[in-house]
There are 2 protein chains.
Amino acid sequence: MQKREPSSESRAVKLRDIAEAAGVTIATASRSLNDSYGVNPSTRERVLGVAARLGYRPNRLAQGLVTGRSQTLGLIISDIRNPFFAEVARGVEDAAYAAACDVVLCNSDLNPQKQNHYIRSLLGKRVDGIIMNSVATLGDAEQEYLVQSGVPVVLLNRGSGRSRFSTVSAENERGGALAAEHFLKKGHRRFAHFSGPRHHGNLGLRAKGFLQTVREHDPATPVTVLHGGHTLAGGYAMALKLFRDKQHAITAIFAANDAVAFGMMKAAIECGVRIPKDVSLIGFDDVEFAAIAHPPLTTIHQSKYEIGQAAVNVLLRLAKGQDKSPENRVLGVKLIERDSVRDLN
Amino acid sequence: MQKREPSSESRAVKLRDIAEAAGVTIATASRSLNDSYGVNPSTRERVLGVAARLGYRPNRLAQGLVTGRSQTLGLIISDIRNPFFAEVARGVEDAAYAAACDVVLCNSDLNPQKQNHYIRSLLGKRVDGIIMNSVATLGDAEQEYLVQSGVPVVLLNRGSGRSRFSTVSAENERGGALAAEHFLKKGHRRFAHFSGPRHHGNLGLRAKGFLQTVREHDPATPVTVLHGGHTLAGGYAMALKLFRDKQHAITAIFAANDAVAFGMMKAAIECGVRIPKDVSLIGFDDVEFAAIAHPPLTTIHQSKYEIGQAAVNVLLRLAKGQDKSPENRVLGVKLIERDSVRDLN
DNA sequence: CTGAAAGCGCTAACAG
DNA sequence: CTGTTAGCGCTTTCAG
């Protein structure tokens, strides 16, 4: 009889409702809920009781509007369908959950337009921080814009120079070196490296470590470096190209990541190239599927889930404290030997 | 000289700033930005110009507080690391992007506590809709709470009965039947089915279709049904159990999804069981990796990306229109024949 | 310990 | 076509 809502959906109960029901003012109600000091314990009990009974759920928008914090983190990655990012995302999510934050997921495909769009959207929603896999594709102006906005940012790759952003990444260069050492030890001398797009931070470092180690062993060693998408499709395309051109010479391929390695495997199946009999392969990431691929893939392991967790931890530190100085955290890698590398000795 | 911000981060420009700079009131500025009718074109031009120059970005929290809509969708799934969900999530994200919405990602592990937590959190943030893979684990009270909240909800599985929620799903039952038919046609007569947790909507339907088809063929056909996690680990565990108990009899296994199938493959490798020589296998989902698994996996294809897109579309329709009647959309499936099924004929 | 009041940034009547 | 004026729901001084 009191209201005539057209639908049955009950109006959300707000702070005022519970204040009235508890016989206090909205201010006291707020204080009770936010367990600030200086509230009579019995009053608070009463308020909390009422709130629970009425199923009160604070409007986070209103709360965020006044506090300036939204309890939301932004995660901008290339593509969640890459199992590597799925693992990272899960680490992010779990850590955020522990900190009572939600995370909005953005797939950029490394496309500058999309990246900018998402950055703007996230800033508009006043996220408490942004984790993104790269800013390399962004223009200087955009990067400046980002730092000027004041939101904490942590990158999932370590730029070439010292960046103004915090970073969390794996020992990419060392991983590349590990792959080279392994091939060398197994007697391989003719290499190809399937990299990602040019100037991709993490992937560039992997290439660097690989090439450097090979050259240290013998400067004359030939290494064919191919660039392409850092995806299964990219690996597939690069493999097809390689098989057509100079398959005869190469005995070992280092793929910039497992997705690329899988693409290469797919092409190998179709072209009748046997792994590791005809050509050996090492990947990077140690995605869950690497262990059950055919053949089980020798790859460089990096702690994806932990990278995600670490990223939100530094983000939270940045957001909380006054210490805004960028932090660069790097996690270890190791080679996981399986069956995709042939021993030529 | 005017303010003494400790850091260099410039205060965000707000509507009032651009209003002043454009020599109009905040109301006109707002109207210009939201391109509502009834604004002098030249005035609007001016406002838009100023806004662009100052890099104005509306505070979505404030906007959401007054409009009641947040331009944010919630997506609650089991685990983004399951490639099936990653595909769905990407479809969701892309469709949301097109509708100028962001999506917050929640991994529930099908855990009722987490699910409830996320639902509350999302409602607190006034999301415009929620897509979730199941409400089966929720209690009646929680389900009621959800519908009472009034937010549009679309489920990624079709419950047993007619639900109060909209759903978007694949022809799960038919998929199960397809798998059975294929096995039967290839001469198999002794089956095992690796299902997920009991009472899981989609997976239950797959089991039903499979069992029914087998029984129609010959009611006496034995089918060993195992329940476990609907993950790689779950499939691995079920396979180990099966291999220990009654491997001798079974010639064909239908896995509730590809992840489970992959787990079974992993166990098979370790136990020296050869696929398809010793035992045949059919999965469900047709995840990207199925094609390059060893052996390439015969599986039931469902359109994951499209499911995600469709979910957003019905959500948006629900959110927009006054037509709140639940819609149940179901997408087709088909069997993709690869090399994991042996022909016994 | 609690109340009153201002205001976060924006939209949406309602006048003019 | 544009200005004035209420709030949206909540936190937070500032008094008392």
# chains A, B, ... in the order shown; residues from 1 in each chain; ligands from 1
>>> calpha_fit_and_write(fixed="chain A", moving="chain B", output="CSV table (one decimal) with C-alpha atoms, in the first residue's frame")
chain,number,residue,atom,x,y,z
B,1,MET,CA,0.0,0.7,-1.2
B,2,GLN,CA,3.0,2.9,-0.8
B,3,LYS,CA,4.6,2.5,-4.2
B,4,ARG,CA,3.5,1.2,-7.5
B,5,GLU,CA,6.6,-0.4,-9.0
B,6,PRO,CA,5.6,-2.1,-12.2
B,7,SER,CA,7.8,-5.1,-11.6
B,8,SER,CA,8.3,-6.9,-8.3
B,9,GLU,CA,11.9,-5.9,-8.0
B,10,SER,CA,12.2,-4.3,-4.6
B,11,ARG,CA,14.0,-1.0,-4.4
B,12,ALA,CA,17.5,-1.4,-3.2
B,13,VAL,CA,17.8,-0.7,0.5
B,14,LYS,CA,20.1,2.2,1.2
B,15,LEU,CA,22.0,3.5,4.1
B,16,ARG,CA,19.2,5.8,5.1
B,17,ASP,CA,16.8,2.9,5.4
B,18,ILE,CA,19.0,1.1,7.8
B,19,ALA,CA,19.7,4.3,9.7
B,20,GLU,CA,16.0,4.9,10.2
B,21,ALA,CA,15.4,1.3,11.1
B,22,ALA,CA,18.2,1.4,13.7
B,23,GLY,CA,17.1,4.7,15.0
B,24,VAL,CA,20.4,6.5,14.3
B,25,THR,CA,21.5,9.0,11.7
B,26,ILE,CA,23.0,8.0,8.4
B,27,ALA,CA,26.4,9.1,9.6
B,28,THR,CA,26.5,6.7,12.5
B,29,ALA,CA,25.2,4.0,10.3
B,30,SER,CA,28.0,4.6,7.9
B,31,ARG,CA,30.5,4.6,10.7
B,32,SER,CA,29.2,1.3,12.0
B,33,LEU,CA,29.4,-0.4,8.7
B,34,ASN,CA,32.9,0.8,8.0
B,35,ASP,CA,34.0,-0.2,11.4
B,36,SER,CA,35.7,3.0,12.1
B,37,TYR,CA,36.6,3.6,15.7
B,38,GLY,CA,34.4,5.7,17.9
B,39,VAL,CA,31.1,3.9,17.7
B,40,ASN,CA,29.3,2.5,20.7
B,41,PRO,CA,29.6,-1.2,20.4
B,42,SER,CA,26.0,-1.8,21.2
B,43,THR,CA,24.9,0.8,18.6
B,44,ARG,CA,27.1,-0.8,16.0
B,45,GLU,CA,25.7,-4.2,16.8
B,46,ARG,CA,22.2,-2.9,16.3
B,47,VAL,CA,23.1,-1.3,13.0
B,48,LEU,CA,24.9,-4.3,11.8
B,49,GLY,CA,22.0,-6.4,12.7
B,50,VAL,CA,19.5,-4.3,10.8
B,51,ALA,CA,21.8,-4.1,7.8
B,52,ALA,CA,22.1,-7.9,7.7
B,53,ARG,CA,18.3,-8.3,8.2
B,54,LEU,CA,17.5,-5.9,5.4
B,55,GLY,CA,20.2,-7.3,3.2
B,56,TYR,CA,21.9,-4.0,2.8
B,57,ARG,CA,24.5,-3.8,0.1
B,58,PRO,CA,26.3,-0.5,-0.2
B,59,ASN,CA,26.2,1.3,-3.5
B,60,ARG,CA,29.9,1.1,-4.6
B,61,LEU,CA,29.4,3.8,-7.2
B,62,ALA,CA,28.3,6.3,-4.5
B,63,GLN,CA,31.0,5.1,-2.3
B,64,GLY,CA,33.6,5.3,-5.0
B,65,LEU,CA,32.5,8.8,-6.0
B,66,VAL,CA,33.3,10.2,-2.6
B,67,THR,CA,36.3,8.1,-1.6
B,68,GLY,CA,37.9,8.3,-5.0
B,69,ARG,CA,38.6,4.6,-5.0
B,70,SER,CA,36.5,2.0,-6.8
B,71,GLN,CA,37.8,-1.3,-5.6
B,72,THR,CA,38.3,-2.3,-9.2
B,73,LEU,CA,41.5,-3.1,-11.1
B,74,GLY,CA,41.9,-3.1,-14.8
B,75,LEU,CA,43.7,-5.9,-16.7
B,76,ILE,CA,44.6,-5.2,-20.3
B,77,ILE,CA,46.1,-8.2,-22.1
B,78,SER,CA,46.5,-9.3,-25.7
B,79,ASP,CA,44.0,-12.1,-25.7
B,80,ILE,CA,42.6,-14.2,-22.9
B,81,ARG,CA,42.5,-17.2,-25.2
B,82,ASN,CA,46.2,-17.5,-24.9
B,83,PRO,CA,46.6,-19.9,-22.0
B,84,PHE,CA,49.5,-17.9,-20.8
B,85,PHE,CA,47.3,-14.9,-20.2
B,86,ALA,CA,44.6,-17.0,-18.8
B,87,GLU,CA,47.0,-18.2,-16.1
B,88,VAL,CA,48.2,-14.7,-15.4
B,89,ALA,CA,44.6,-13.5,-15.3
B,90,ARG,CA,43.7,-16.1,-12.8
B,91,GLY,CA,46.6,-15.0,-10.6
B,92,VAL,CA,45.5,-11.5,-10.9
B,93,GLU,CA,41.9,-12.3,-10.1
B,94,ASP,CA,42.7,-14.4,-7.0
B,95,ALA,CA,45.0,-11.7,-5.6
B,96,ALA,CA,42.4,-9.1,-6.3
B,97,TYR,CA,39.7,-11.2,-4.7
B,98,ALA,CA,41.9,-11.4,-1.6
B,99,ALA,CA,42.1,-7.6,-1.6
B,100,ALA,CA,38.4,-7.2,-2.1
B,101,CYS,CA,38.8,-5.9,-5.6
B,102,ASP,CA,37.2,-6.8,-8.8
B,103,VAL,CA,39.0,-6.9,-12.1
B,104,VAL,CA,37.7,-5.8,-15.4
B,105,LEU,CA,39.2,-7.7,-18.3
B,106,CYS,CA,40.2,-6.1,-21.5
B,107,ASN,CA,41.5,-7.8,-24.6
B,108,SER,CA,43.6,-5.5,-26.7
B,109,ASP,CA,45.0,-7.7,-29.4
B,110,LEU,CA,48.0,-5.4,-28.9
B,111,ASN,CA,46.0,-3.0,-31.0
B,112,PRO,CA,46.8,0.6,-30.0
B,113,GLN,CA,43.3,1.9,-30.7
B,114,LYS,CA,41.8,-0.7,-28.4
B,115,GLN,CA,44.4,-0.2,-25.8
B,116,ASN,CA,43.7,3.5,-25.7
B,117,HIS,CA,40.0,2.9,-25.6
B,118,TYR,CA,40.4,0.6,-22.6
B,119,ILE,CA,42.8,2.9,-20.8
B,120,ARG,CA,40.3,5.8,-21.1
B,121,SER,CA,37.4,3.6,-20.1
B,122,LEU,CA,39.2,2.3,-17.1
B,123,LEU,CA,40.3,5.8,-16.0
B,124,GLY,CA,36.8,6.9,-16.5
B,125,LYS,CA,35.7,4.3,-14.0
B,126,ARG,CA,38.4,5.4,-11.6
B,127,VAL,CA,40.0,2.0,-11.3
B,128,ASP,CA,42.5,1.8,-8.5
B,129,GLY,CA,45.2,0.5,-10.9
B,130,ILE,CA,45.9,-1.0,-14.2
B,131,ILE,CA,47.9,-4.0,-15.2
B,132,MET,CA,48.8,-4.3,-18.8
B,133,ASN,CA,51.1,-6.4,-20.8
B,134,SER,CA,52.7,-3.7,-22.7
B,135,VAL,CA,52.8,0.0,-23.5
B,136,ALA,CA,55.2,-0.4,-26.4
B,137,THR,CA,52.6,0.1,-29.0
B,138,LEU,CA,51.4,3.3,-27.4
B,139,GLY,CA,52.6,6.6,-28.6
B,140,ASP,CA,54.6,8.9,-26.3
B,141,ALA,CA,51.7,11.2,-25.8
B,142,GLU,CA,49.5,8.3,-24.7
B,143,GLN,CA,52.1,7.0,-22.3
B,144,GLU,CA,52.5,10.5,-20.9
B,145,TYR,CA,48.8,10.7,-20.5
B,146,LEU,CA,48.8,7.5,-18.6
B,147,VAL,CA,51.4,8.6,-16.1
B,148,GLN,CA,49.8,12.0,-15.7
B,149,SER,CA,46.5,10.4,-14.8
B,150,GLY,CA,48.2,9.3,-11.6
B,151,VAL,CA,46.8,5.7,-11.6
B,152,PRO,CA,49.2,3.0,-10.5
B,153,VAL,CA,50.3,1.0,-13.5
B,154,VAL,CA,52.2,-2.2,-13.7
B,155,LEU,CA,53.5,-3.7,-16.9
B,156,LEU,CA,53.8,-7.4,-17.6
B,157,ASN,CA,56.9,-6.9,-19.6
B,158,ARG,CA,60.1,-5.2,-19.0
B,159,GLY,CA,60.9,-2.5,-21.5
B,160,SER,CA,64.2,-2.0,-23.0
B,161,GLY,CA,65.2,1.1,-21.1
B,162,ARG,CA,64.2,2.0,-17.6
B,163,SER,CA,60.6,2.8,-17.8
B,164,ARG,CA,58.5,5.1,-15.7
B,165,PHE,CA,56.2,2.1,-15.0
B,166,SER,CA,56.5,-0.7,-12.6
B,167,THR,CA,57.0,-4.1,-14.1
B,168,VAL,CA,56.6,-7.7,-13.2
B,169,SER,CA,58.1,-10.2,-15.7
B,170,ALA,CA,60.1,-13.3,-16.1
B,171,GLU,CA,63.8,-13.7,-16.9
B,172,ASN,CA,63.0,-13.6,-20.5
B,173,GLU,CA,66.6,-13.1,-21.7
B,174,ARG,CA,67.8,-15.9,-19.6
B,175,GLY,CA,65.1,-18.1,-20.9
B,176,GLY,CA,66.2,-17.6,-24.4
B,177,ALA,CA,69.8,-18.4,-23.3
B,178,LEU,CA,68.6,-21.6,-21.6
B,179,ALA,CA,66.9,-22.7,-24.8
B,180,ALA,CA,70.1,-22.0,-26.8
B,181,GLU,CA,72.3,-23.9,-24.4
B,182,HIS,CA,70.0,-26.9,-24.4
B,183,PHE,CA,70.0,-27.1,-28.2
B,184,LEU,CA,73.8,-26.6,-28.3
B,185,LYS,CA,74.3,-29.3,-25.8
B,186,LYS,CA,72.2,-31.7,-27.8
B,187,GLY,CA,74.4,-31.0,-30.8
B,188,HIS,CA,72.3,-28.7,-32.8
B,189,ARG,CA,74.0,-26.0,-35.0
B,190,ARG,CA,71.4,-24.7,-37.4
B,191,PHE,CA,68.6,-22.7,-35.8
B,192,ALA,CA,65.5,-20.8,-36.5
B,193,HIS,CA,63.7,-18.6,-34.0
B,194,PHE,CA,60.0,-17.8,-34.4
B,195,SER,CA,59.5,-14.5,-32.7
B,196,GLY,CA,56.5,-12.3,-32.2
B,197,PRO,CA,55.8,-8.9,-33.6
B,198,ARG,CA,59.0,-6.8,-33.8
B,199,HIS,CA,59.7,-4.6,-30.7
B,200,HIS,CA,57.7,-6.8,-28.4
B,201,GLY,CA,59.4,-6.4,-25.1
B,202,ASN,CA,59.3,-9.8,-23.6
B,203,LEU,CA,59.7,-11.6,-26.9
B,204,GLY,CA,62.5,-9.4,-28.0
B,205,LEU,CA,64.4,-10.3,-24.9
B,206,ARG,CA,63.9,-14.0,-25.5
B,207,ALA,CA,65.3,-13.6,-28.9
B,208,LYS,CA,68.2,-11.6,-27.6
B,209,GLY,CA,69.2,-14.2,-25.0
B,210,PHE,CA,68.9,-16.9,-27.6
B,211,LEU,CA,70.9,-15.3,-30.3
B,212,GLN,CA,73.6,-14.0,-28.0
B,213,THR,CA,74.2,-17.5,-26.5
B,214,VAL,CA,74.3,-19.1,-29.9
B,215,ARG,CA,76.8,-16.5,-31.1
B,216,GLU,CA,78.9,-16.8,-28.1
B,217,HIS,CA,79.3,-20.4,-28.9
B,218,ASP,CA,80.2,-19.7,-32.5
B,219,PRO,CA,79.7,-16.4,-34.1
B,220,ALA,CA,79.2,-18.0,-37.5
B,221,THR,CA,76.2,-20.1,-36.5
B,222,PRO,CA,73.3,-19.3,-38.8
B,223,VAL,CA,70.0,-18.4,-37.1
B,224,THR,CA,66.9,-17.7,-39.2
B,225,VAL,CA,64.7,-15.3,-37.3
B,226,LEU,CA,61.1,-15.0,-38.3
B,227,HIS,CA,58.6,-12.5,-37.0
B,228,GLY,CA,54.9,-13.0,-36.9
B,229,GLY,CA,51.9,-13.1,-34.6
B,230,HIS,CA,52.7,-14.5,-31.2
B,231,THR,CA,49.8,-16.9,-31.5
B,232,LEU,CA,49.1,-20.4,-32.7
B,233,ALA,CA,48.1,-18.9,-36.0
B,234,GLY,CA,51.3,-17.0,-36.1
B,235,GLY,CA,53.5,-20.0,-35.4
B,236,TYR,CA,51.6,-22.0,-38.0
B,237,ALA,CA,52.2,-19.3,-40.6
B,238,MET,CA,55.9,-19.0,-39.8
B,239,ALA,CA,56.4,-22.7,-39.9
B,240,LEU,CA,54.7,-23.0,-43.2
B,241,LYS,CA,57.0,-20.3,-44.6
B,242,LEU,CA,60.1,-22.0,-43.1
B,243,PHE,CA,59.2,-25.4,-44.4
B,244,ARG,CA,58.8,-24.1,-47.9
B,245,ASP,CA,62.0,-22.1,-47.9
B,246,LYS,CA,64.8,-23.8,-46.1
B,247,GLN,CA,63.6,-26.7,-44.1
B,248,HIS,CA,66.6,-28.7,-45.2
B,249,ALA,CA,69.1,-26.8,-43.2
B,250,ILE,CA,67.4,-26.1,-39.8
B,251,THR,CA,67.4,-28.8,-37.1
B,252,ALA,CA,66.1,-26.7,-34.2
B,253,ILE,CA,63.5,-24.1,-33.7
B,254,PHE,CA,63.0,-21.9,-30.6
B,255,ALA,CA,59.5,-20.6,-30.5
B,256,ALA,CA,58.9,-17.3,-28.6
B,257,ASN,CA,56.1,-18.9,-26.7
B,258,ASP,CA,54.1,-22.2,-26.5
B,259,ALA,CA,51.3,-20.9,-28.6
B,260,VAL,CA,53.7,-20.3,-31.4
B,261,ALA,CA,55.2,-23.7,-30.8
B,262,PHE,CA,51.8,-25.3,-31.0
B,263,GLY,CA,51.2,-23.6,-34.3
B,264,MET,CA,54.5,-24.9,-35.6
B,265,MET,CA,53.4,-28.4,-34.4
B,266,LYS,CA,50.2,-28.1,-36.3
B,267,ALA,CA,52.0,-27.1,-39.5
B,268,ALA,CA,54.5,-29.9,-38.9
B,269,ILE,CA,51.7,-32.5,-38.8
B,270,GLU,CA,50.2,-31.2,-42.0
B,271,CYS,CA,53.6,-31.1,-43.8
B,272,GLY,CA,54.7,-34.4,-42.6
B,273,VAL,CA,57.6,-33.0,-40.6
B,274,ARG,CA,58.3,-35.1,-37.6
B,275,ILE,CA,59.2,-33.6,-34.2
B,276,PRO,CA,61.8,-34.2,-33.0
B,277,LYS,CA,63.1,-36.6,-35.7
B,278,ASP,CA,63.2,-34.0,-38.4
B,279,VAL,CA,63.3,-30.9,-36.4
B,280,SER,CA,63.6,-30.1,-32.7
B,281,LEU,CA,61.5,-27.6,-30.9
B,282,ILE,CA,61.6,-25.6,-27.7
B,283,GLY,CA,58.8,-23.3,-26.5
B,284,PHE,CA,58.4,-20.8,-23.8
B,285,ASP,CA,55.8,-20.4,-21.0
B,286,ASP,CA,55.2,-24.1,-20.0
B,287,VAL,CA,51.5,-23.8,-20.5
B,288,GLU,CA,49.5,-26.7,-19.0
B,289,PHE,CA,49.0,-28.2,-22.4
B,290,ALA,CA,52.7,-28.4,-23.2
B,291,ALA,CA,53.0,-31.6,-21.1
B,292,ILE,CA,50.4,-33.4,-23.2
B,293,ALA,CA,51.2,-32.1,-26.6
B,294,HIS,CA,52.6,-34.5,-29.1
B,295,PRO,CA,55.4,-34.8,-28.5
B,296,PRO,CA,55.4,-33.4,-25.0
B,297,LEU,CA,57.0,-30.0,-25.5
B,298,THR,CA,60.4,-29.1,-24.0
B,299,THR,CA,59.9,-25.5,-23.0
B,300,ILE,CA,61.0,-22.7,-20.7
B,301,HIS,CA,58.9,-22.5,-17.6
B,302,GLN,CA,57.8,-19.2,-16.2
B,303,SER,CA,55.4,-18.8,-13.2
B,304,LYS,CA,52.4,-17.3,-14.9
B,305,TYR,CA,50.0,-17.4,-12.0
B,306,GLU,CA,52.6,-15.9,-9.7
B,307,ILE,CA,53.3,-13.1,-12.1
B,308,GLY,CA,49.6,-12.2,-12.0
B,309,GLN,CA,49.6,-12.2,-8.2
B,310,ALA,CA,52.8,-10.2,-8.0
B,311,ALA,CA,51.4,-7.6,-10.3
B,312,VAL,CA,48.4,-7.0,-8.1
B,313,ASN,CA,50.6,-6.8,-5.1
B,314,VAL,CA,52.9,-4.1,-6.4
B,315,LEU,CA,49.8,-2.3,-7.8
B,316,LEU,CA,48.2,-2.3,-4.3
B,317,ARG,CA,51.4,-1.1,-2.8
B,318,LEU,CA,51.5,1.7,-5.3
B,319,ALA,CA,47.9,2.6,-4.7
B,320,LYS,CA,48.2,2.5,-0.9
B,321,GLY,CA,51.5,4.0,0.1
B,322,GLN,CA,52.9,7.3,-0.9
B,323,ASP,CA,55.9,5.5,-2.3
B,324,LYS,CA,55.2,5.8,-6.0
B,325,SER,CA,58.6,4.8,-7.2
B,326,PRO,CA,58.4,2.2,-9.9
B,327,GLU,CA,59.4,-1.3,-8.9
B,328,ASN,CA,60.7,-4.0,-11.2
B,329,ARG,CA,60.1,-7.5,-10.1
B,330,VAL,CA,61.5,-10.4,-12.2
B,331,LEU,CA,60.6,-14.0,-11.6
B,332,GLY,CA,62.9,-16.9,-12.4
B,333,VAL,CA,62.6,-19.4,-15.3
B,334,LYS,CA,63.8,-22.9,-15.9
B,335,LEU,CA,64.0,-25.3,-18.8
B,336,ILE,CA,61.6,-28.2,-18.6
B,337,GLU,CA,63.0,-31.1,-20.6
B,338,ARG,CA,60.4,-33.2,-22.4
B,339,ASP,CA,60.5,-34.9,-25.7
B,340,SER,CA,60.6,-32.3,-28.5
B,341,VAL,CA,64.3,-32.0,-28.8
B,342,ARG,CA,66.4,-34.7,-30.5
B,343,ASP,CA,69.9,-35.5,-29.2
B,344,LEU,CA,72.2,-35.3,-32.2
B,345,ASN,CA,75.3,-36.4,-30.3
>>> interface_residues(of="chain C", to="chain A", cutoff="7 Å", atoms="only C-alpha atoms (C1' of nucleotides)", output="count of residues only")
4
>>> select_by_dssp(residues="stretch 279-317 of chain B", states="strand (DSSP E or B)", output="MDAnalysis selection string")
chainID B and resid 280:285 293 298:302
>>> write_last_selection(atoms="C-alpha atoms", output="JSON list (two decimals), in the first residue's frame")
[["chain", "number", "residue", "atom", "x", "y", "z"],
["B", 280, "SER", "CA", 38.97, -44.54, -28.29],
["B", 281, "LEU", "CA", 38.10, -41.07, -27.08],
["B", 282, "ILE", "CA", 35.64, -38.34, -27.92],
["B", 283, "GLY", "CA", 35.67, -34.95, -26.25],
["B", 284, "PHE", "CA", 33.31, -32.01, -26.21],
["B", 285, "ASP", "CA", 33.92, -28.31, -26.98],
["B", 293, "ALA", "CA", 46.60, -32.93, -29.51],
["B", 298, "THR", "CA", 37.58, -36.28, -32.28],
["B", 299, "THR", "CA", 35.18, -34.03, -30.44],
["B", 300, "ILE", "CA", 31.82, -32.32, -30.43],
["B", 301, "HIS", "CA", 32.14, -28.79, -31.68],
["B", 302, "GLN", "CA", 30.21, -26.00, -30.06]]
>>> interface_residues(of="chain D", to="chain B", cutoff="7 Å", atoms="only C-alpha atoms (C1' of nucleotides)", output="list in words")
DC1, DT2, DG3 and DC8 of chain D
>>> residues_around(residues="D:DA6", least_positions_apart="6", cutoff="12 Å", atoms="only C-alpha atoms (C1' of nucleotides)", output="PyMOL selection string")
(chain B and resi 66) or (chain C and resi 11-14)
>>> write_last_selection(atoms="C-alpha atoms (C1' of nucleotides)", output="PDB file, in the first residue's frame")
ATOM      1  CA  VAL B  66      22.595   9.235 -11.303  1.00  0.00           C
TER       2      VAL B  66
ATOM      3  C1'  DT C  11      21.970  14.048 -15.147  1.00  0.00           C
ATOM      4  C1'  DA C  12      17.338  15.465 -15.539  1.00  0.00           C
ATOM      5  C1'  DA C  13      13.308  17.791 -14.783  1.00  0.00           C
ATOM      6  C1'  DC C  14      11.452  22.360 -14.860  1.00  0.00           C
TER       7       DC C  14
END
>>> select_by_dssp(residues="stretch 61-255 of chain A", states="helix (DSSP H, G or I)", output="ChimeraX atom specification")
/A:61-67,83-98,112-124,140-149,172-185,201-217,232-246
